[in-house]
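*Asks:* My file is target.csv. It has CSV, C-alpha atoms and all ligand atoms:
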```
chain,number,residue,atom,x,y,z
O,1168,MET,CA,1.1,4.6,-29.8
O,1169,LEU,CA,-0.1,6.6,-26.8
O,1170,GLY,CA,-3.5,4.9,-27.2
O,1171,ALA,CA,-2.3,1.4,-27.9
O,1172,SER,CA,0.1,1.5,-25.0
O,1173,ARG,CA,-2.8,2.6,-22.8
O,1174,ILE,CA,-1.0,5.7,-21.4
O,1175,ALA,CA,-3.2,8.2,-23.2
O,1176,THR,CA,-6.0,8.4,-20.6
O,1177,ASP,CA,-3.6,9.6,-17.9
O,1178,LEU,CA,-2.0,12.2,-20.2
O,1179,ILE,CA,-5.2,13.8,-21.5
O,1180,PRO,CA,-5.9,15.9,-18.3
O,1181,TYR,CA,-2.6,17.8,-18.8
O,1182,ALA,CA,-3.8,19.1,-22.1
O,1183,ASN,CA,-7.3,19.9,-20.6
O,1184,ALA,CA,-5.5,22.0,-18.0
O,1185,VAL,CA,-4.0,24.3,-20.8
O,1186,GLY,CA,-7.3,24.8,-22.5
O,1187,TYR,CA,-8.0,21.8,-24.8
O,1188,SER,CA,-11.4,20.4,-23.8
O,1189,PRO,CA,-12.0,16.7,-23.0
O,1190,GLU,CA,-14.5,16.9,-25.9
O,1191,VAL,CA,-11.9,17.5,-28.6
O,1192,CYS,CA,-9.8,14.9,-30.4
O,1193,SER,CA,-8.1,12.6,-27.8
O,1194,TYR,CA,-5.2,12.2,-30.3
O,1195,LEU,CA,-4.6,15.9,-29.8
O,1196,THR,CA,-5.1,16.0,-26.1
O,1197,SER,CA,-3.1,12.8,-25.3
O,1198,ASP,CA,-0.2,14.0,-27.6
O,1199,ILE,CA,-0.1,17.5,-26.1
O,1200,GLY,CA,-0.4,16.0,-22.6
O,1201,ALA,CA,2.5,13.6,-23.4
O,1202,TYR,CA,4.6,16.5,-24.6
O,1203,LEU,CA,3.8,18.6,-21.5
O,1204,LYS,CA,4.5,15.7,-19.2
O,1205,LYS,CA,7.7,14.9,-21.2
O,1206,VAL,CA,6.9,11.2,-21.9
O,1207,THR,CA,6.8,9.3,-25.1
O,1208,PRO,CA,6.4,5.6,-25.8
O,1209,LEU,CA,9.1,6.0,-28.5
O,1210,SER,CA,11.8,6.3,-25.9
O,1211,LYS,CA,11.1,2.6,-24.8
O,1212,ALA,CA,11.9,1.5,-28.4
O,1213,TYR,CA,14.6,4.1,-29.3
O,1214,GLU,CA,16.8,5.3,-26.5
O,1215,GLY,CA,17.8,8.4,-28.4
O,1216,ILE,CA,14.2,9.7,-28.7
O,1217,LYS,CA,13.3,11.7,-25.6
O,1218,SER,CA,10.6,14.0,-27.0
O,1219,ILE,CA,9.0,15.3,-30.2
O,1220,PRO,CA,12.0,16.7,-32.3
O,1221,LYS,CA,12.0,20.4,-33.0
O,1222,PRO,CA,10.4,20.9,-36.5
O,1223,ASP,CA,11.5,23.7,-39.0
O,1224,VAL,CA,7.9,24.1,-40.2
O,1225,LEU,CA,4.5,22.6,-39.5
O,1226,VAL,CA,1.9,21.9,-42.3
O,1227,PHE,CA,-1.7,20.8,-41.8
O,1228,ASN,CA,-4.6,19.9,-44.0
O,1229,THR,CA,-8.1,20.3,-42.6
O,1230,ASN,CA,-9.6,17.7,-44.9
O,1231,GLN,CA,-10.1,15.3,-41.9
O,1232,CYS,CA,-10.9,17.9,-39.2
O,1233,ARG,CA,-10.0,21.3,-37.7
O,1234,ASP,CA,-8.4,19.5,-34.8
O,1235,VAL,CA,-5.2,18.9,-36.8
O,1236,GLN,CA,-4.9,22.7,-37.3
O,1237,ASP,CA,-5.2,23.4,-33.6
O,1238,TRP,CA,-2.8,20.6,-32.8
O,1239,MET,CA,-0.1,21.9,-35.1
O,1240,ARG,CA,-0.8,25.5,-33.9
O,1241,PHE,CA,0.2,24.4,-30.4
O,1242,TYR,CA,3.6,23.1,-31.6
O,1243,ALA,CA,4.2,26.0,-33.9
O,1244,LYS,CA,3.8,28.3,-30.8
O,1245,GLU,CA,5.8,26.0,-28.6
O,1246,PHE,CA,8.8,25.8,-31.0
O,1247,SER,CA,8.3,29.2,-32.6
O,1248,VAL,CA,8.2,27.8,-36.1
O,1249,PRO,CA,6.0,28.8,-39.1
O,1250,LEU,CA,2.6,27.1,-39.5
O,1251,LEU,CA,1.2,26.5,-43.0
O,1252,GLY,CA,-2.1,25.0,-43.9
O,1253,ILE,CA,-4.5,23.8,-46.6
O,1254,TYR,CA,-8.1,24.5,-46.0
O,1255,THR,CA,-10.4,22.0,-47.7
O,1256,TYR,CA,-14.1,21.5,-48.4
O,1257,ARG,CA,-16.0,19.1,-46.2
O,1258,ASN,CA,-19.2,17.1,-46.6
O,1259,ILE,CA,-18.7,16.8,-50.3
O,1260,ASN,CA,-21.1,14.6,-52.2
O,1261,GLU,CA,-19.7,14.6,-55.8
O,1262,ILE,CA,-16.2,15.9,-56.2
O,1263,GLU,CA,-16.2,18.8,-58.7
O,1264,GLY,CA,-13.5,20.6,-60.7
O,1265,ILE,CA,-13.7,23.6,-58.4
O,1266,HIS,CA,-12.8,21.6,-55.3
O,1267,VAL,CA,-9.8,20.0,-57.0
O,1268,LYS,CA,-8.6,23.3,-58.6
O,1269,SER,CA,-8.8,25.3,-55.3
O,1270,ILE,CA,-7.0,22.6,-53.2
O,1271,ALA,CA,-4.4,22.0,-55.9
O,1272,GLN,CA,-3.7,25.7,-55.9
O,1273,GLN,CA,-3.3,25.8,-52.2
O,1274,ILE,CA,-0.8,22.9,-52.3
O,1275,GLU,CA,1.2,24.6,-55.0
O,1276,ASN,CA,1.2,27.8,-52.9
O,1277,LEU,CA,3.2,26.0,-50.2
O,1278,ILE,CA,6.2,25.8,-52.5
O,1279,ASP,CA,7.3,29.4,-52.1
O,1280,PRO,CA,7.2,29.6,-48.3
O,1281,LEU,CA,8.7,26.1,-48.0
O,1282,GLU,CA,11.6,27.1,-50.3
O,1283,LYS,CA,12.3,30.1,-48.2
O,1284,ILE,CA,12.2,28.1,-44.9
O,1285,SER,CA,14.3,25.2,-46.1
O,1286,GLY,CA,16.7,27.1,-48.4
O,1287,ASN,CA,16.1,24.3,-51.0
O,1288,SER,CA,14.6,24.7,-54.5
O,1289,PHE,CA,11.4,22.8,-55.3
O,1290,ASP,CA,12.4,19.6,-57.3
O,1291,LYS,CA,9.5,18.5,-59.4
O,1292,MET,CA,11.2,15.2,-60.4
O,1293,GLU,CA,11.6,14.3,-56.7
O,1294,LEU,CA,7.9,15.0,-56.1
O,1295,LYS,CA,7.0,12.8,-59.0
O,1296,LYS,CA,9.2,10.0,-57.7
O,1297,VAL,CA,7.7,10.2,-54.2
O,1298,LEU,CA,4.2,10.4,-55.6
O,1299,ALA,CA,4.7,7.3,-57.8
O,1300,LEU,CA,6.0,5.4,-54.7
O,1301,SER,CA,3.0,6.6,-52.7
O,1302,ARG,CA,0.6,5.3,-55.3
O,1303,LYS,CA,2.4,1.9,-55.4
O,1304,CYS,CA,2.1,1.8,-51.6
O,1305,SER,CA,-1.6,2.7,-51.7
O,1306,GLU,CA,-2.3,0.1,-54.4
O,1307,LEU,CA,-0.6,-2.6,-52.4
O,1308,TRP,CA,-2.3,-1.6,-49.2
O,1309,LYS,CA,-5.6,-1.8,-50.9
O,1310,LYS,CA,-4.8,-5.3,-52.2
O,1311,VAL,CA,-3.8,-6.3,-48.6
O,1312,LEU,CA,-7.1,-5.1,-47.2
O,1313,ASP,CA,-9.0,-6.6,-50.1
O,1314,THR,CA,-7.7,-10.1,-49.2
O,1315,ALA,CA,-10.2,-9.9,-46.3
O,1316,SER,CA,-13.0,-10.6,-48.9
O,1317,ALA,CA,-11.9,-14.2,-49.0
O,1318,SER,CA,-13.7,-16.6,-46.7
O,1319,PRO,CA,-12.2,-17.3,-44.2
O,1320,SER,CA,-10.5,-13.9,-44.1
O,1321,PRO,CA,-6.8,-14.0,-43.7
O,1322,LEU,CA,-6.7,-10.8,-41.6
O,1323,THR,CA,-8.9,-8.8,-39.3
O,1324,PHE,CA,-9.5,-5.1,-38.8
O,1325,PHE,CA,-7.4,-5.3,-35.7
O,1326,ASP,CA,-4.5,-6.7,-37.7
O,1327,GLY,CA,-5.0,-4.0,-40.3
O,1328,SER,CA,-4.9,-1.3,-37.6
O,1329,ILE,CA,-1.3,-2.4,-36.9
O,1330,GLN,CA,-0.3,-3.3,-40.5
O,1331,MET,CA,-1.3,0.1,-41.8
O,1332,GLY,CA,1.7,1.7,-40.0
O,1333,PRO,CA,4.0,1.9,-43.1
O,1334,ALA,CA,1.1,3.3,-45.3
O,1335,VAL,CA,0.7,6.1,-42.7
O,1336,VAL,CA,4.3,7.1,-42.0
O,1337,LEU,CA,6.5,5.6,-44.7
O,1338,ARG,CA,4.2,6.3,-47.8
O,1339,GLY,CA,6.4,7.5,-50.6
O,1340,THR,CA,9.4,5.3,-49.7
O,1341,GLN,CA,10.6,2.0,-51.2
O,1342,GLN,CA,10.5,0.4,-47.7
O,1343,ALA,CA,6.7,0.7,-47.5
O,1344,VAL,CA,6.4,-0.9,-51.0
O,1345,ASP,CA,8.7,-3.8,-50.0
O,1346,TYR,CA,6.8,-4.2,-46.7
O,1347,TYR,CA,3.4,-4.6,-48.4
O,1348,ASN,CA,4.7,-6.9,-51.2
O,1349,LEU,CA,5.9,-9.2,-48.5
O,1350,LEU,CA,2.7,-9.0,-46.5
O,1351,LEU,CA,0.5,-9.5,-49.6
O,1352,SER,CA,2.3,-12.6,-50.6
O,1353,GLU,CA,1.9,-14.1,-47.1
O,1354,LEU,CA,-1.8,-13.3,-47.1
O,1355,LYS,CA,-2.2,-14.9,-50.5
O,1356,ASP,CA,-0.6,-18.1,-49.2
O,1357,ARG,CA,-3.0,-18.0,-46.2
O,1358,ILE,CA,-6.0,-17.7,-48.6
O,1359,LYS,CA,-4.6,-20.6,-50.7
O,1360,ASN,CA,-4.3,-22.7,-47.5
O,1361,LYS,CA,-7.7,-21.6,-46.2
O,1362,GLU,CA,-6.0,-20.2,-43.0
O,1363,GLY,CA,-8.4,-17.8,-41.5
O,1364,ALA,CA,-7.4,-15.1,-39.0
O,1365,VAL,CA,-10.3,-16.2,-36.9
O,1366,VAL,CA,-10.5,-20.0,-36.3
O,1367,ASP,CA,-13.8,-21.4,-37.7
O,1368,GLU,CA,-15.0,-17.9,-38.9
O,1369,ARG,CA,-18.7,-17.8,-38.7
O,1370,PHE,CA,-19.7,-14.1,-38.8
O,1371,ARG,CA,-18.3,-11.3,-40.9
O,1372,ILE,CA,-18.5,-7.7,-39.5
O,1373,TYR,CA,-17.7,-4.3,-40.9
O,1374,TRP,CA,-16.3,-1.7,-38.4
O,1375,ASP,CA,-17.1,2.0,-39.1
O,1376,GLY,CA,-15.2,4.7,-37.3
O,1377,MET,CA,-12.1,4.9,-35.2
O,1378,PRO,CA,-10.4,1.8,-33.5
O,1379,ILE,CA,-10.4,1.8,-29.7
O,1380,TRP,CA,-6.6,1.7,-29.5
O,1381,GLY,CA,-6.2,0.7,-25.9
O,1382,ARG,CA,-8.4,-2.4,-26.5
O,1383,LEU,CA,-7.1,-3.7,-29.8
O,1384,ARG,CA,-6.0,-7.0,-28.4
O,1385,ALA,CA,-9.0,-7.4,-26.0
O,1386,HIS,CA,-11.4,-6.7,-28.8
O,1387,SER,CA,-9.5,-8.9,-31.3
O,1388,GLU,CA,-9.7,-11.8,-28.8
O,1389,LEU,CA,-13.4,-11.1,-27.9
O,1390,PHE,CA,-14.5,-11.3,-31.5
O,1391,ALA,CA,-12.3,-14.3,-32.3
O,1392,SER,CA,-13.8,-16.2,-29.3
O,1393,ARG,CA,-17.3,-15.6,-30.8
O,1394,LYS,CA,-16.1,-16.8,-34.2
O,1395,ALA,CA,-16.6,-13.3,-35.6
O,1396,CYS,CA,-14.2,-11.7,-37.9
O,1397,VAL,CA,-14.2,-7.9,-38.2
O,1398,VAL,CA,-13.2,-8.1,-41.9
O,1399,ALA,CA,-13.0,-4.5,-42.9
O,1400,SER,CA,-13.2,-0.9,-41.8
O,1401,THR,CA,-13.4,2.6,-43.1
O,1402,TYR,CA,-10.5,3.5,-40.9
O,1403,CYS,CA,-7.9,1.2,-42.5
O,1404,ASN,CA,-9.1,2.3,-45.9
O,1405,SER,CA,-8.2,5.9,-45.2
O,1406,TRP,CA,-4.7,5.3,-46.4
O,1407,ILE,CA,-5.7,4.3,-49.9
O,1408,PHE,CA,-5.0,7.2,-52.4
O,1409,SER,CA,-5.8,5.6,-55.7
O,1410,ASP,CA,-5.9,9.0,-57.5
O,1411,PHE,CA,-2.2,9.9,-57.1
O,1412,ASN,CA,-0.7,10.4,-60.5
O,1413,GLU,CA,2.9,11.5,-60.8
O,1414,ASN,CA,2.2,13.1,-64.2
O,1415,ASP,CA,-0.4,15.5,-62.7
O,1416,PRO,CA,0.9,15.8,-59.1
O,1417,PHE,CA,-1.0,18.8,-57.7
O,1418,ASN,CA,-4.4,18.0,-59.1
O,1419,SER,CA,-4.1,14.3,-58.3
O,1420,MET,CA,-3.1,15.0,-54.7
O,1421,ALA,CA,-6.0,17.4,-54.3
O,1422,LYS,CA,-8.3,14.8,-55.7
O,1423,ALA,CA,-7.0,12.0,-53.6
O,1424,TYR,CA,-7.2,14.0,-50.4
O,1425,THR,CA,-10.7,15.1,-51.2
O,1426,ALA,CA,-12.0,11.6,-52.2
O,1427,LEU,CA,-11.4,10.3,-48.7
O,1428,PHE,CA,-14.4,8.9,-46.9
O,1429,ILE,CA,-14.0,11.3,-44.0
O,1430,VAL,CA,-14.3,14.3,-46.3
O,1431,ARG,CA,-17.5,13.2,-47.9
O,1432,ALA,CA,-21.2,13.8,-47.3
O,1433,ASP,CA,-23.5,11.1,-45.9
O,1434,GLU,CA,-24.9,10.3,-49.3
O,1435,ALA,CA,-21.5,9.5,-50.8
O,1436,LYS,CA,-20.5,7.7,-47.6
O,1437,GLU,CA,-23.6,5.4,-47.7
O,1438,LYS,CA,-23.0,4.6,-51.3
O,1439,TYR,CA,-19.4,3.6,-50.4
O,1440,LEU,CA,-20.5,1.5,-47.4
O,1441,LYS,CA,-23.0,-0.4,-49.5
O,1442,LYS,CA,-20.2,-1.3,-51.9
O,1443,MET,CA,-18.0,-2.4,-49.0
O,1444,ILE,CA,-20.8,-4.5,-47.5
O,1445,GLU,CA,-21.2,-6.4,-50.7
O,1446,PHE,CA,-17.5,-6.8,-51.5
O,1447,PHE,CA,-16.6,-8.1,-48.1
O,1448,LYS,CA,-19.7,-10.3,-47.8
O,1449,VAL,CA,-20.6,-8.7,-44.4
O,1450,ASP,CA,-23.3,-10.0,-42.0
O,1451,GLY,CA,-23.6,-6.8,-39.9
O,1452,ILE,CA,-22.1,-3.4,-39.2
O,1453,ILE,CA,-20.7,-1.9,-36.0
O,1454,TYR,CA,-20.5,1.8,-35.7
O,1455,HIS,CA,-18.1,3.2,-33.2
O,1456,ASP,CA,-19.5,6.4,-31.7
O,1457,SER,CA,-16.2,7.9,-30.6
O,1458,LYS,CA,-16.7,10.5,-27.9
O,1459,SER,CA,-13.9,12.9,-28.9
O,1460,CYS,CA,-14.0,12.4,-32.7
O,1461,SER,CA,-17.3,13.6,-34.3
O,1462,ASN,CA,-15.5,13.8,-37.6
O,1463,ASN,CA,-15.1,10.0,-37.9
O,1464,THR,CA,-18.3,9.0,-36.1
O,1465,ASN,CA,-21.1,8.3,-38.6
O,1466,SER,CA,-23.9,7.1,-36.4
O,1467,ARG,CA,-25.3,10.4,-35.1
O,1468,TYR,CA,-27.5,11.5,-38.0
O,1469,GLY,CA,-29.5,8.3,-38.8
O,1470,MET,CA,-27.0,6.5,-41.1
O,1471,PRO,CA,-27.3,3.1,-39.3
O,1472,GLN,CA,-31.1,3.3,-39.7
O,1473,ARG,CA,-31.0,4.3,-43.3
O,1474,LEU,CA,-28.5,1.6,-44.3
O,1475,GLU,CA,-30.4,-1.1,-42.3
O,1476,GLU,CA,-33.5,-0.2,-44.2
O,1477,GLU,CA,-31.8,-0.5,-47.5
O,1478,THR,CA,-29.5,-3.5,-47.0
O,1479,ARG,CA,-31.6,-5.4,-44.3
O,1480,LEU,CA,-28.3,-6.0,-42.5
O,1481,PRO,CA,-28.3,-5.6,-38.7
O,1482,SER,CA,-26.1,-2.9,-37.1
O,1483,LEU,CA,-24.9,-1.9,-33.7
O,1484,VAL,CA,-23.7,1.4,-32.3
O,1485,VAL,CA,-21.0,1.1,-29.6
O,1486,ASN,CA,-19.9,4.0,-27.4
O,1487,GLY,CA,-16.3,4.6,-26.7
O,1488,ASP,CA,-13.3,6.6,-27.8
O,1489,LEU,CA,-10.1,6.3,-29.8
O,1490,ASN,CA,-7.8,7.1,-26.9
O,1491,ASP,CA,-9.7,8.1,-23.8
O,1492,LEU,CA,-10.6,4.9,-22.1
O,1493,ARG,CA,-12.7,6.7,-19.5
O,1494,CYS,CA,-15.4,6.9,-22.3
O,1495,LEU,CA,-15.6,3.1,-22.6
O,1496,SER,CA,-17.4,0.6,-20.4
O,1497,ASP,CA,-15.7,-2.8,-21.1
O,1498,GLU,CA,-18.7,-4.7,-19.6
O,1499,GLN,CA,-21.2,-2.8,-21.6
O,1500,PHE,CA,-19.1,-3.3,-24.8
O,1501,LYS,CA,-19.0,-7.1,-24.2
O,1502,THR,CA,-22.7,-7.3,-23.5
O,1503,ASN,CA,-23.6,-5.4,-26.6
O,1504,ILE,CA,-21.3,-7.5,-28.8
O,1505,ASP,CA,-22.7,-10.7,-27.4
O,1506,ALA,CA,-26.3,-9.5,-28.1
O,1507,PHE,CA,-25.3,-8.5,-31.6
O,1508,ILE,CA,-23.7,-11.8,-32.3
O,1509,GLU,CA,-26.9,-13.5,-31.2
O,1510,GLN,CA,-28.8,-11.3,-33.5
O,1511,LEU,CA,-26.5,-12.3,-36.4
O,1512,GLU,CA,-26.9,-15.9,-35.5
O,1513,GLY,CA,-30.7,-15.5,-35.7
O,1514,SER,CA,-30.5,-14.0,-39.1
O,1515,LYS,CA,-28.2,-16.7,-40.6
F,1601,LIG,S1,-10.3,12.9,-37.5
F,1601,LIG,FE1,-10.9,12.6,-35.4
F,1601,LIG,S2,-9.2,11.3,-34.6
F,1601,LIG,FE2,-8.5,12.2,-36.5
F,1601,LIG,S3,-7.4,14.0,-35.9
F,1601,LIG,FE3,-9.5,14.6,-36.4
F,1601,LIG,S4,-10.6,14.6,-34.5
F,1601,LIG,FE4,-8.7,13.5,-34.2
```
Using the file provided, produce a representation of the structure as structure tokens.

*Replies:*
Amino acid sequence: MLGASRIATDLIPYANAVGYSPEVCSYLTSDIGAYLKKVTPLSKAYEGIKSIPKPDVLVFNTNQCRDVQDWMRFYAKEFSVPLLGIYTYRNINEIEGIHVKSIAQQIENLIDPLEKISGNSFDKMELKKVLALSRKCSELWKKVLDTASASPSPLTFFDGSIQMGPAVVLRGTQQAVDYYNLLLSELKDRIKNKEGAVVDERFRIYWDGMPIWGRLRAHSELFASRKACVVASTYCNSWIFSDFNENDPFNSMAKAYTALFIVRADEAKEKYLKKMIEFFKVDGIIYHDSKSCSNNTNSRYGMPQRLEEETRLPSLVVNGDLNDLRCLSDEQFKTNIDAFIEQLEGSK
């Protein structure tokens, strides 16, 4: 929200001033900056919300990056509350039993301290219920994203970046399930009526990496004006947890969180991307080299070149950032996109 409402860039320096470098995650720096500056976009929508509410405990999982650990550590100190964490393997090619076992154990080990902090006993039936709802949400979210394989696609990556909200913050509730049932039926109607998200869709593009939140609308309009639909992304797919199984909660959670794209080695990522390219009938790939997130930037070690060689599909690397708009040149972005679209036109 800080990024999409374009206030992040001004808040980042406040976090830099207390020791968080401009090079680290700009979700972290803009959020901590907002806290220090006592602003939040939430108070515009909800009068009662003035700041981050005081937590009783903070829990992180390093599967996506170490930045989340540092981020939670800041608030643990600020609010003097306990900090618990799960430390996961990174750069995994094939997921093996040892990965799952160790992470499942770490998740289970949270029960004891959480019981003490909350004063409540662990309720396995409740966990199973939440996990079953989480899987339903994940399955529906996957079906929503998969509708973009239709030509023309009924939604874009930019729509997906907004629509993924319930899968991120309401996963495990009936509301999220209801939301995606409704959305899916609307998208199916659009497919039936051949209503594309981009009028006269001509090019289909895959977006790898983080969105540039402060430019969602501008980028959505730019691509649409070139008759290009960004049909799919690794980012929106990050909230698909197909492995959840309420009958084996700890192992299945460990597996689901380890199977995520961001946790995997380049070899596994490339295999996945090739499947996506085929499924979504993509004409080209854009890699976002996000200045403050090396964890979700995949273009720095030769992946675009390797995939181009194998798939013969053109690709483009764009420089920018998820939240820090100082790292983006709008003119350069537009020029690069136009040249890329010309290239796609040439290869049609
Ligand atoms: S994966 Fe990237 S954007 Fe997400 S929290 Fe980690 S550093 Fe930030």

*Asks:* At a cut-off of 8 Å and counting all atoms listed in the file, what residues surround ligand LIG 1601 (chain F)? Please answer as a ChimeraX atom specification.

*Replies:* /O:1191-1195,1231-1235,1377,1429,1459-1463,1489

*Asks:* One decimal, in Å: what's the spacing between CA of Tyr1454 in chain O and CA of Ser1482 in chain O?

*Replies:*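 That distance, rounded to one decimal, is 7.4 Å.
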
*Asks:* Hey, what's within 12 Å of Phe1241 in chain O if we count only C-alpha atoms and toss same-chain stuff fewer than 2 positions away? As a list in words, please?

*Replies:* Ala1182, Val1185, Gly1186, Tyr1187, Leu1195, Thr1196, Asp1198, Ile1199, Gly1200, Tyr1202, Leu1203, Leu1225, Asp1234, Val1235, Gln1236, Asp1237, Trp1238, Met1239, Ala1243, Lys1244, Glu1245, Phe1246, Ser1247, Val1248, Pro1249 and Leu1250 of chain O

*Asks:* May I ask for the distance between CA of Trp1380 in chain O and CA of Gln1341 in chain O, given in Å to one decimal place?

*Replies:*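 So the two atoms, CA of Trp1380 in chain O and CA of Gln1341 in chain O, lie 27.7 Å apart.
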
*Asks:* Suppose you want the space between CA of Ser1301 in chain O and CA of Arg1338 in chain O; what is it in Å?

*Replies:* 5.1 Å

*Asks:* Quick one: which range 1319-1383 of chain O residues come within 12 Å of range 1275-1298 of chain O, and what is the nearest atom pair for each with the distance in Å to one decimal, counting all atoms listed in the file, rows ordered by chain and ascending number, as a Markdown table?

*Replies:*
```
| residue | atom | partner | partner_atom | distance |
| --- | --- | --- | --- | --- |
| O:Leu1337 | CA | O:Val1297 | CA | 10.6 |
| O:Arg1338 | CA | O:Val1297 | CA | 8.3 |
| O:Gly1339 | CA | O:Val1297 | CA | 4.7 |
| O:Thr1340 | CA | O:Val1297 | CA | 6.9 |
| O:Gln1341 | CA | O:Val1297 | CA | 9.2 |
| O:Ala1343 | CA | O:Val1297 | CA | 11.7 |
| O:Val1344 | CA | O:Val1297 | CA | 11.6 |
```

*Asks:* Restricting the calculation to only C-alpha atoms, which member of O:Thr1323, O:Pro1189, O:Leu1209, O:Val1398 is positioned closest to Phe1446 in chain O?

*Replies:*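 Using only C-alpha atoms, Phe1446 in chain O sits closest to O:Val1398.
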
*Asks:* Please write as an mmCIF file with C-alpha atoms, in the frame of the given file the list of polymer residues whose atoms come within 12 Å of (2.2, 6.7, -42.0), counting all atoms listed in the file and keeping to the coordinates of the file.

*Replies:*
```cif
data_model
loop_
_atom_site.group_PDB
_atom_site.id
_atom_site.type_symbol
_atom_site.label_atom_id
_atom_site.label_comp_id
_atom_site.auth_asym_id
_atom_site.auth_seq_id
_atom_site.Cartn_x
_atom_site.Cartn_y
_atom_site.Cartn_z
ATOM 1 C CA SER O 1301 3.000 6.600 -52.700
ATOM 2 C CA CYS O 1304 2.100 1.800 -51.600
ATOM 3 C CA SER O 1305 -1.600 2.700 -51.700
ATOM 4 C CA TRP O 1308 -2.300 -1.600 -49.200
ATOM 5 C CA SER O 1328 -4.900 -1.300 -37.600
ATOM 6 C CA ILE O 1329 -1.300 -2.400 -36.900
ATOM 7 C CA GLN O 1330 -0.300 -3.300 -40.500
ATOM 8 C CA MET O 1331 -1.300 0.100 -41.800
ATOM 9 C CA GLY O 1332 1.700 1.700 -40.000
ATOM 10 C CA PRO O 1333 4.000 1.900 -43.100
ATOM 11 C CA ALA O 1334 1.100 3.300 -45.300
ATOM 12 C CA VAL O 1335 0.700 6.100 -42.700
ATOM 13 C CA VAL O 1336 4.300 7.100 -42.000
ATOM 14 C CA LEU O 1337 6.500 5.600 -44.700
ATOM 15 C CA ARG O 1338 4.200 6.300 -47.800
ATOM 16 C CA GLY O 1339 6.400 7.500 -50.600
ATOM 17 C CA THR O 1340 9.400 5.300 -49.700
ATOM 18 C CA GLN O 1342 10.500 0.400 -47.700
ATOM 19 C CA ALA O 1343 6.700 0.700 -47.500
ATOM 20 C CA CYS O 1403 -7.900 1.200 -42.500
ATOM 21 C CA SER O 1405 -8.200 5.900 -45.200
ATOM 22 C CA TRP O 1406 -4.700 5.300 -46.400
ATOM 23 C CA ILE O 1407 -5.700 4.300 -49.900
#
```

*Asks:* So which residues are close to (-21.5, 3.1, -25.5), meaning at most 8 Å away in the file's coordinates with all atoms listed in the file counted, and can you show them as an mmCIF file with C-alpha atoms, in the frame of the given file?

*Replies:*
```
data_model
loop_
_atom_site.group_PDB
_atom_site.id
_atom_site.type_symbol
_atom_site.label_atom_id
_atom_site.label_comp_id
_atom_site.auth_asym_id
_atom_site.auth_seq_id
_atom_site.Cartn_x
_atom_site.Cartn_y
_atom_site.Cartn_z
ATOM 1 C CA ASP O 1456 -19.500 6.400 -31.700
ATOM 2 C CA VAL O 1484 -23.700 1.400 -32.300
ATOM 3 C CA VAL O 1485 -21.000 1.100 -29.600
ATOM 4 C CA ASN O 1486 -19.900 4.000 -27.400
ATOM 5 C CA GLY O 1487 -16.300 4.600 -26.700
ATOM 6 C CA CYS O 1494 -15.400 6.900 -22.300
ATOM 7 C CA LEU O 1495 -15.600 3.100 -22.600
ATOM 8 C CA SER O 1496 -17.400 0.600 -20.400
ATOM 9 C CA GLN O 1499 -21.200 -2.800 -21.600
ATOM 10 C CA PHE O 1500 -19.100 -3.300 -24.800
#
```

*Asks:* Might you pull out every residue within 9 Å of Lys1501 in chain O, with all atoms listed in the file counted and same-chain residues fewer than 5 positions away left off, and present them as a list of chain:residue names?

*Replies:*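 Once the adjacent positions are removed, what remains is O:His1386, O:Leu1389, O:Ser1496, O:Ala1506.
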
*Asks:* For the selection you just gave me, I'd like the residues written to a file as a compact mmCIF listing (two decimals), in the frame of the given file, keeping C-alpha atoms.

*Replies:*
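Below is the file that was written, selection.txt:
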```txt
# COMPACT_ATOMS: atom_id res chain seq x y z
CA HIS O 1386 -11.40 -6.70 -28.80
CA LEU O 1389 -13.40 -11.10 -27.90
CA SER O 1496 -17.40 0.60 -20.40
CA ALA O 1506 -26.30 -9.50 -28.10
```

*Asks:* Got a sec: who's within 9 Å of range 1423-1425 of chain O, counting only C-alpha atoms, leaving out chain neighbours fewer than 6 positions off, as a list of chain:residue names?

*Replies:*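 Once the nearby chain positions are removed, what remains is O:Asn1230, O:Thr1255, O:Tyr1256, O:Arg1257, O:Ile1259, O:Ile1262, O:His1266, O:Val1267, O:Ile1270, O:Ile1407, O:Phe1408, O:Ser1409, O:Asp1410, O:Phe1411, O:Arg1431.
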
*Asks:* Of the candidates O:Asp1356, O:Glu1261, O:Asp1450, O:Glu1475, which one gets nearest to Ala1435 in chain O if we count all atoms listed in the file?

*Replies:*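 Under the stated criterion, the closest residue is O:Glu1261.
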
*Asks:* So, with only C-alpha atoms as the atoms that count, which of O:Asp1433, O:Ser1320, O:Thr1207, O:Asn1412 lies closest to Asn1360 in chain O?

*Replies:* O:Ser1320

*Asks:* Using only C-alpha atoms, find the one residue out of O:Arg1240, O:Ala1171, O:Glu1263, O:Lys1204 that sits nearest to Lys1422 in chain O.

*Replies:*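 Among the listed residues, the smallest separation from Lys1422 in chain O belongs to O:Glu1263.
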